[in-house]
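A.B. asks: Below are the structure tokens for one structure; questions will follow.
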Amino acid sequence: MNEPILTVFTPAYNRAHTLPRTYESLKRQDCRDFVWLIVDDGSTDDTASLVAGWQTEENGFEIRYLRKENGGMHTAHNTAYANIGTELNVCIDSDDCLADGAVSKILKKWDEVKTSGCAGIIGLDADMTDGKIIGKGFPDGLTETTLCGYYANGGQGDKKLVYRTDVINSCPDYPVFPGEKYVALAYKYRLIDQKYKLAVLDDVLCNVEYQPDGSSRNMYGQYLKNPQGFAFWRKVCMQYPESKKRVFIDCVHYVSSSILAKNRRFIRESPKKVLTVLAIPFGLLLTLFIKRKARS
């Protein structure tokens, strides 16, 4: 039997109540040529025993389980990437479902494009409740794009990213800041965009549901709790801008996050020092806005 080409990895923190539907979506796949890697980010619920039970079942694919100290989504991704041995990988969150037939679609597309030098595949996410595409689909005729280029040209909404493991591991790990548990996952994707494109797969690969306690629902609180991580991300955005319009917006956010982090060296550390100085009044206003929204 050939080694699997794809690893589906799932970071999980206290998601024993949603992981079963993720598991069921994997069991429904018409192609079982994948490994499922669960990275338990220090859960205190029944995640470990739940997965241990699944590992004893005849499900047609390998289930691997790794447990680590709680450190946030980005650290779970670091652990996953360090332990993936397949050619491709895709993240399916612990409250999401792999769309029916997704593995077959990914492997078929990869067989068509793997010699093109692309970094992987970009596909669609859909809302689990109504089946509608998250954000916007792909323009007609689009065959390849960078992630940044998709959004700069009017794209919207989360997309499902399937990356070559060698490419994702050619980027530095997500940094870890003491006392913080958030760094934008887009950090690695932005670096990859500078060298590679993604092959477009105009199909739904994942059905998603945003949880009330998920990071995307609590962004203002995240700004307050993880200012160093956000300042780091804004510096990356200034170095590799999505568009000219976005550079100043990123400067404003960088100023705000630096204020929240109490970093007095932020001008000196900025890749865009003049713009950063000009952004200071707006950054102060944004800081006040974030604090008010986080309280509410």
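Going through the structure tokens in order, the chains are called A, B, and so on, while each chain numbers its residues from 1 and the ligands are numbered from 1 in the order shown.
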Show me, as JSON lines, the residues of range 116-227 of chain A having an atom within 10 Å of range 1-14 of chain A, each with the closest atom pair and its distance in Å, using only C-alpha atoms.

C.D. replies:
{"residue": "A:Val162", "atom": "CA", "partner": "A:Leu6", "partner_atom": "CA", "distance": 9.0}
{"residue": "A:Tyr163", "atom": "CA", "partner": "A:Leu6", "partner_atom": "CA", "distance": 9.6}
{"residue": "A:Arg164", "atom": "CA", "partner": "A:Leu6", "partner_atom": "CA", "distance": 9.2}
{"residue": "A:Thr165", "atom": "CA", "partner": "A:Thr7", "partner_atom": "CA", "distance": 9.3}

A.B. asks: Those residues you just picked out, can you put them in a file as a PDB file, in the first residue's frame with N, CA, C and O atoms?

C.D. replies:
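And here is the file that came out, result37.pdb:
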ATOM      1  N   VAL A 162      -4.445  24.220   0.997  1.00  0.00           N
ATOM      2  CA  VAL A 162      -3.728  22.941   1.017  1.00  0.00           C
ATOM      3  C   VAL A 162      -2.297  23.251   0.588  1.00  0.00           C
ATOM      4  O   VAL A 162      -2.073  23.686  -0.538  1.00  0.00           O
ATOM      5  N   TYR A 163      -1.345  23.060   1.493  1.00  0.00           N
ATOM      6  CA  TYR A 163       0.032  23.440   1.186  1.00  0.00           C
ATOM      7  C   TYR A 163       0.944  22.224   1.047  1.00  0.00           C
ATOM      8  O   TYR A 163       0.729  21.184   1.695  1.00  0.00           O
ATOM      9  N   ARG A 164       1.948  22.376   0.208  1.00  0.00           N
ATOM     10  CA  ARG A 164       3.062  21.431   0.202  1.00  0.00           C
ATOM     11  C   ARG A 164       3.768  21.536   1.548  1.00  0.00           C
ATOM     12  O   ARG A 164       4.070  22.637   2.016  1.00  0.00           O
ATOM     13  N   THR A 165       4.052  20.398   2.142  1.00  0.00           N
ATOM     14  CA  THR A 165       4.675  20.401   3.464  1.00  0.00           C
ATOM     15  C   THR A 165       6.086  20.974   3.414  1.00  0.00           C
ATOM     16  O   THR A 165       6.505  21.690   4.331  1.00  0.00           O
TER      17      THR A 165
END

A.B. asks: I want to know what sits within 8 Å of range 248-256 of chain A, based on only C-alpha atoms, with residues of the same chain fewer than 5 positions away left out; could you give that as a ChimeraX atom specification?

C.D. replies: /A:230-231,234-235,237-238,266,272,275-276,279-280,282-284,286-287

A.B. asks: Store the residues picked out above, limited to N, CA, C and O atoms, as a PDB file, in the first residue's frame.

C.D. replies:
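Written file, selection-v8.pdb:
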ATOM      1  N   PHE A 230       0.141  40.755  17.571  1.00  0.00           N
ATOM      2  CA  PHE A 230      -0.469  41.576  16.524  1.00  0.00           C
ATOM      3  C   PHE A 230       0.511  42.595  15.962  1.00  0.00           C
ATOM      4  O   PHE A 230       0.509  42.863  14.755  1.00  0.00           O
ATOM      5  N   ALA A 231       1.362  43.183  16.812  1.00  0.00           N
ATOM      6  CA  ALA A 231       2.371  44.119  16.320  1.00  0.00           C
ATOM      7  C   ALA A 231       3.338  43.415  15.367  1.00  0.00           C
ATOM      8  O   ALA A 231       3.725  43.970  14.321  1.00  0.00           O
ATOM      9  N   ARG A 234       1.616  42.992  12.012  1.00  0.00           N
ATOM     10  CA  ARG A 234       1.505  44.242  11.253  1.00  0.00           C
ATOM     11  C   ARG A 234       2.853  44.637  10.639  1.00  0.00           C
ATOM     12  O   ARG A 234       2.902  45.220   9.555  1.00  0.00           O
ATOM     13  N   LYS A 235       3.945  44.315  11.308  1.00  0.00           N
ATOM     14  CA  LYS A 235       5.260  44.596  10.723  1.00  0.00           C
ATOM     15  C   LYS A 235       5.474  43.733   9.468  1.00  0.00           C
ATOM     16  O   LYS A 235       6.026  44.205   8.466  1.00  0.00           O
ATOM     17  N   CYS A 237       3.096  42.677   7.544  1.00  0.00           N
ATOM     18  CA  CYS A 237       2.223  43.260   6.511  1.00  0.00           C
ATOM     19  C   CYS A 237       2.845  44.503   5.884  1.00  0.00           C
ATOM     20  O   CYS A 237       2.670  44.752   4.684  1.00  0.00           O
ATOM     21  N   MET A 238       3.557  45.277   6.675  1.00  0.00           N
ATOM     22  CA  MET A 238       4.219  46.462   6.129  1.00  0.00           C
ATOM     23  C   MET A 238       5.390  46.073   5.229  1.00  0.00           C
ATOM     24  O   MET A 238       5.677  46.746   4.238  1.00  0.00           O
ATOM     25  N   PHE A 266       8.745  51.272  19.274  1.00  0.00           N
ATOM     26  CA  PHE A 266       8.015  50.826  18.090  1.00  0.00           C
ATOM     27  C   PHE A 266       8.364  51.603  16.821  1.00  0.00           C
ATOM     28  O   PHE A 266       8.352  51.045  15.726  1.00  0.00           O
ATOM     29  N   LYS A 272       8.410  50.860   8.316  1.00  0.00           N
ATOM     30  CA  LYS A 272       7.932  52.070   7.636  1.00  0.00           C
ATOM     31  C   LYS A 272       7.886  53.206   8.665  1.00  0.00           C
ATOM     32  O   LYS A 272       6.828  53.591   9.151  1.00  0.00           O
ATOM     33  N   LEU A 275       5.775  56.616   7.878  1.00  0.00           N
ATOM     34  CA  LEU A 275       4.339  56.323   7.906  1.00  0.00           C
ATOM     35  C   LEU A 275       3.870  56.012   9.315  1.00  0.00           C
ATOM     36  O   LEU A 275       2.761  56.392   9.717  1.00  0.00           O
ATOM     37  N   THR A 276       4.707  55.350  10.091  1.00  0.00           N
ATOM     38  CA  THR A 276       4.345  55.005  11.469  1.00  0.00           C
ATOM     39  C   THR A 276       4.169  56.261  12.303  1.00  0.00           C
ATOM     40  O   THR A 276       3.213  56.378  13.093  1.00  0.00           O
ATOM     41  N   ALA A 279       0.995  57.818  11.529  1.00  0.00           N
ATOM     42  CA  ALA A 279      -0.137  57.000  11.969  1.00  0.00           C
ATOM     43  C   ALA A 279      -0.405  57.088  13.463  1.00  0.00           C
ATOM     44  O   ALA A 279      -1.429  56.579  13.937  1.00  0.00           O
ATOM     45  N   ILE A 280       0.465  57.742  14.225  1.00  0.00           N
ATOM     46  CA  ILE A 280       0.339  57.749  15.691  1.00  0.00           C
ATOM     47  C   ILE A 280      -1.013  58.282  16.182  1.00  0.00           C
ATOM     48  O   ILE A 280      -1.668  57.640  17.020  1.00  0.00           O
ATOM     49  N   PHE A 282      -3.902  58.299  14.742  1.00  0.00           N
ATOM     50  CA  PHE A 282      -4.943  57.325  14.394  1.00  0.00           C
ATOM     51  C   PHE A 282      -4.796  56.052  15.230  1.00  0.00           C
ATOM     52  O   PHE A 282      -5.786  55.425  15.611  1.00  0.00           O
ATOM     53  N   GLY A 283      -3.552  55.692  15.530  1.00  0.00           N
ATOM     54  CA  GLY A 283      -3.310  54.529  16.372  1.00  0.00           C
ATOM     55  C   GLY A 283      -3.818  54.735  17.781  1.00  0.00           C
ATOM     56  O   GLY A 283      -4.348  53.814  18.411  1.00  0.00           O
ATOM     57  N   LEU A 284      -3.682  55.958  18.285  1.00  0.00           N
ATOM     58  CA  LEU A 284      -4.210  56.271  19.618  1.00  0.00           C
ATOM     59  C   LEU A 284      -5.734  56.146  19.639  1.00  0.00           C
ATOM     60  O   LEU A 284      -6.310  55.574  20.576  1.00  0.00           O
ATOM     61  N   LEU A 286      -7.544  54.338  17.607  1.00  0.00           N
ATOM     62  CA  LEU A 286      -7.889  52.929  17.452  1.00  0.00           C
ATOM     63  C   LEU A 286      -7.743  52.187  18.781  1.00  0.00           C
ATOM     64  O   LEU A 286      -8.581  51.330  19.121  1.00  0.00           O
ATOM     65  N   THR A 287      -6.743  52.532  19.549  1.00  0.00           N
ATOM     66  CA  THR A 287      -6.546  51.898  20.851  1.00  0.00           C
ATOM     67  C   THR A 287      -7.737  52.148  21.772  1.00  0.00           C
ATOM     68  O   THR A 287      -8.233  51.226  22.442  1.00  0.00           O
TER      69      THR A 287
END

A.B. asks: Give me the residues within 6 Å of range 120-128 of chain A as JSON, numbers by chain, counting only C-alpha atoms and dropping any in the same chain fewer than 6 places off.

C.D. replies: {"A": [134, 159, 160, 161, 162, 163, 164, 198, 199, 200, 201, 202, 203, 204, 205, 206, 207, 208, 209]}

A.B. asks: Residues of range 157-236 of chain A classed as strand (DSSP E) by DSSP on the backbone are to be reported as a ChimeraX atom specification.

C.D. replies: /A:159-164,198-208

A.B. asks: Please produce a file of those selected residues containing all heavy atoms, as a compact mmCIF listing (two decimals), in the first residue's frame.

C.D. replies:
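Output contents, as saved in out_17.txt:
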# COMPACT_ATOMS: atom_id res chain seq x y z
N LYS A 159 -10.75 30.94 3.05
CA LYS A 159 -10.59 29.94 1.99
C LYS A 159 -9.81 28.76 2.57
O LYS A 159 -9.06 28.91 3.53
CB LYS A 159 -9.84 30.54 0.79
CG LYS A 159 -10.62 31.68 0.12
CD LYS A 159 -11.87 31.18 -0.55
CE LYS A 159 -12.80 32.28 -1.03
NZ LYS A 159 -13.62 32.85 0.06
N LYS A 160 -10.00 27.60 1.96
CA LYS A 160 -9.29 26.42 2.44
C LYS A 160 -7.98 26.27 1.70
O LYS A 160 -7.94 26.26 0.47
CB LYS A 160 -10.17 25.17 2.25
CG LYS A 160 -9.62 23.92 2.90
CD LYS A 160 -9.17 24.14 4.34
CE LYS A 160 -10.26 24.70 5.24
NZ LYS A 160 -9.72 25.06 6.58
N LEU A 161 -6.89 26.16 2.46
CA LEU A 161 -5.54 26.16 1.90
C LEU A 161 -4.90 24.79 2.09
O LEU A 161 -4.83 24.28 3.22
CB LEU A 161 -4.69 27.24 2.58
CG LEU A 161 -5.27 28.66 2.52
CD1 LEU A 161 -4.48 29.60 3.42
CD2 LEU A 161 -5.29 29.17 1.09
N VAL A 162 -4.45 24.22 1.00
CA VAL A 162 -3.73 22.94 1.02
C VAL A 162 -2.30 23.25 0.59
O VAL A 162 -2.07 23.69 -0.54
CB VAL A 162 -4.36 21.93 0.05
CG1 VAL A 162 -3.66 20.58 0.16
CG2 VAL A 162 -5.86 21.79 0.30
N TYR A 163 -1.34 23.06 1.49
CA TYR A 163 0.03 23.44 1.19
C TYR A 163 0.94 22.22 1.05
O TYR A 163 0.73 21.18 1.70
CB TYR A 163 0.60 24.34 2.29
CG TYR A 163 0.22 25.79 2.14
CD1 TYR A 163 -0.67 26.39 3.03
CD2 TYR A 163 0.75 26.57 1.13
CE1 TYR A 163 -1.03 27.73 2.90
CE2 TYR A 163 0.41 27.90 0.98
CZ TYR A 163 -0.48 28.48 1.87
OH TYR A 163 -0.83 29.80 1.73
N ARG A 164 1.95 22.38 0.21
CA ARG A 164 3.06 21.43 0.20
C ARG A 164 3.77 21.54 1.55
O ARG A 164 4.07 22.64 2.02
CB ARG A 164 4.04 21.78 -0.92
CG ARG A 164 3.63 21.32 -2.28
CD ARG A 164 4.49 21.93 -3.38
NE ARG A 164 5.92 21.99 -3.07
CZ ARG A 164 6.80 22.72 -3.77
NH1 ARG A 164 6.39 23.45 -4.79
NH2 ARG A 164 8.07 22.72 -3.44
N LEU A 198 -0.77 29.56 -5.75
CA LEU A 198 -1.61 28.42 -5.39
C LEU A 198 -2.50 28.07 -6.58
O LEU A 198 -3.03 28.97 -7.25
CB LEU A 198 -2.48 28.77 -4.18
CG LEU A 198 -1.76 29.00 -2.86
CD1 LEU A 198 -2.67 29.74 -1.88
CD2 LEU A 198 -1.31 27.67 -2.26
N ALA A 199 -2.68 26.80 -6.83
CA ALA A 199 -3.60 26.35 -7.88
C ALA A 199 -5.03 26.48 -7.37
O ALA A 199 -5.33 26.13 -6.22
CB ALA A 199 -3.31 24.91 -8.26
N VAL A 200 -5.91 27.02 -8.18
CA VAL A 200 -7.30 27.28 -7.78
C VAL A 200 -8.15 26.03 -8.01
O VAL A 200 -8.18 25.48 -9.11
CB VAL A 200 -7.89 28.47 -8.56
CG1 VAL A 200 -9.38 28.62 -8.28
CG2 VAL A 200 -7.13 29.75 -8.21
N LEU A 201 -8.82 25.60 -6.95
CA LEU A 201 -9.78 24.50 -7.03
C LEU A 201 -11.15 25.07 -6.68
O LEU A 201 -11.44 25.36 -5.51
CB LEU A 201 -9.39 23.38 -6.05
CG LEU A 201 -10.34 22.18 -5.93
CD1 LEU A 201 -10.65 21.58 -7.29
CD2 LEU A 201 -9.75 21.14 -4.99
N ASP A 202 -11.97 25.28 -7.67
CA ASP A 202 -13.26 25.96 -7.50
C ASP A 202 -14.32 24.98 -6.98
O ASP A 202 -15.32 24.71 -7.63
CB ASP A 202 -13.70 26.58 -8.83
CG ASP A 202 -14.82 27.60 -8.65
OD1 ASP A 202 -15.10 27.97 -7.50
OD2 ASP A 202 -15.41 28.01 -9.66
N ASP A 203 -14.06 24.47 -5.79
CA ASP A 203 -14.95 23.51 -5.13
C ASP A 203 -14.91 23.74 -3.62
O ASP A 203 -13.88 24.18 -3.07
CB ASP A 203 -14.51 22.07 -5.41
CG ASP A 203 -15.34 21.40 -6.50
OD1 ASP A 203 -16.57 21.45 -6.41
OD2 ASP A 203 -14.73 20.82 -7.43
N VAL A 204 -16.00 23.41 -2.96
CA VAL A 204 -16.04 23.50 -1.50
C VAL A 204 -15.27 22.33 -0.91
O VAL A 204 -15.56 21.17 -1.20
CB VAL A 204 -17.50 23.50 -0.99
CG1 VAL A 204 -17.53 23.43 0.54
CG2 VAL A 204 -18.24 24.74 -1.47
N LEU A 205 -14.29 22.65 -0.08
CA LEU A 205 -13.48 21.62 0.57
C LEU A 205 -13.80 21.48 2.05
O LEU A 205 -13.46 20.46 2.66
CB LEU A 205 -11.99 21.93 0.40
CG LEU A 205 -11.48 22.02 -1.04
CD1 LEU A 205 -9.99 22.35 -1.05
CD2 LEU A 205 -11.75 20.73 -1.80
N CYS A 206 -14.44 22.50 2.62
CA CYS A 206 -14.67 22.50 4.06
C CYS A 206 -15.98 23.21 4.39
O CYS A 206 -16.29 24.25 3.79
CB CYS A 206 -13.51 23.19 4.77
SG CYS A 206 -13.60 23.16 6.57
N ASN A 207 -16.73 22.66 5.32
CA ASN A 207 -17.94 23.30 5.84
C ASN A 207 -17.64 23.80 7.24
O ASN A 207 -17.20 23.03 8.11
CB ASN A 207 -19.10 22.30 5.86
CG ASN A 207 -19.49 21.85 4.46
OD1 ASN A 207 -19.74 22.67 3.58
ND2 ASN A 207 -19.52 20.54 4.23
N VAL A 208 -17.84 25.09 7.45
CA VAL A 208 -17.38 25.72 8.68
C VAL A 208 -18.54 26.25 9.51
O VAL A 208 -19.60 26.58 9.00
CB VAL A 208 -16.38 26.87 8.39
CG1 VAL A 208 -15.23 26.38 7.52
CG2 VAL A 208 -17.07 28.04 7.71

A.B. asks: Name the residues of range 211-295 of chain A that fall into helix (DSSP H, G or I) according to DSSP on the backbone, using the chain letters and numbers of this document, as JSON, numbers by chain.

C.D. replies: {"A": [215, 216, 217, 219, 220, 221, 222, 223, 224, 225, 227, 228, 229, 230, 231, 232, 233, 234, 235, 236, 237, 238, 239, 244, 245, 246, 247, 248, 249, 250, 251, 252, 253, 254, 255, 256, 257, 258, 259, 260, 266, 267, 268, 269, 273, 274, 275, 276, 277, 278, 279, 280, 281, 282, 283, 284, 285, 286, 287, 288, 289, 290, 291, 292, 293, 294, 295]}

A.B. asks: Could you pull the residues within 12 Å of Gly149 in chain A, counting only C-alpha atoms, minus those fewer than 4 positions along the same chain, as a list in words?

C.D. replies: Phe138, Leu142, Glu144, Thr145, Asn153, Gly154, Gly155, Gln156, Tyr189, Arg190, Asp193, Gln194, Tyr196, Lys197, Leu198, Tyr240, Pro241, Glu242 and Ser243 of chain A

A.B. asks: Near Leu37 in chain A, counting only C-alpha atoms, which residues have an atom at most 6 Å away, once you skip same-chain residues fewer than 6 positions from it, shown as number ranges by chain?

C.D. replies: A: 9, 63-65

A.B. asks: Based on the selection just made, write N, CA and C atoms of those residues as a PDB file, in the first residue's frame.

C.D. replies:
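Output saved as part_13.pdb:
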ATOM      1  N   PHE A   9      -4.828  17.920   9.355  1.00  0.00           N
ATOM      2  CA  PHE A   9      -4.492  18.130  10.767  1.00  0.00           C
ATOM      3  C   PHE A   9      -5.513  19.042  11.433  1.00  0.00           C
ATOM      4  N   ILE A  63      -5.034   7.554  12.405  1.00  0.00           N
ATOM      5  CA  ILE A  63      -5.301   8.683  13.302  1.00  0.00           C
ATOM      6  C   ILE A  63      -4.106   8.832  14.235  1.00  0.00           C
ATOM      7  N   ARG A  64      -3.478   9.979  14.172  1.00  0.00           N
ATOM      8  CA  ARG A  64      -2.351  10.282  15.067  1.00  0.00           C
ATOM      9  C   ARG A  64      -2.790  11.360  16.061  1.00  0.00           C
ATOM     10  N   TYR A  65      -2.291  11.243  17.288  1.00  0.00           N
ATOM     11  CA  TYR A  65      -2.683  12.181  18.353  1.00  0.00           C
ATOM     12  C   TYR A  65      -1.430  12.692  19.045  1.00  0.00           C
TER      13      TYR A  65
END
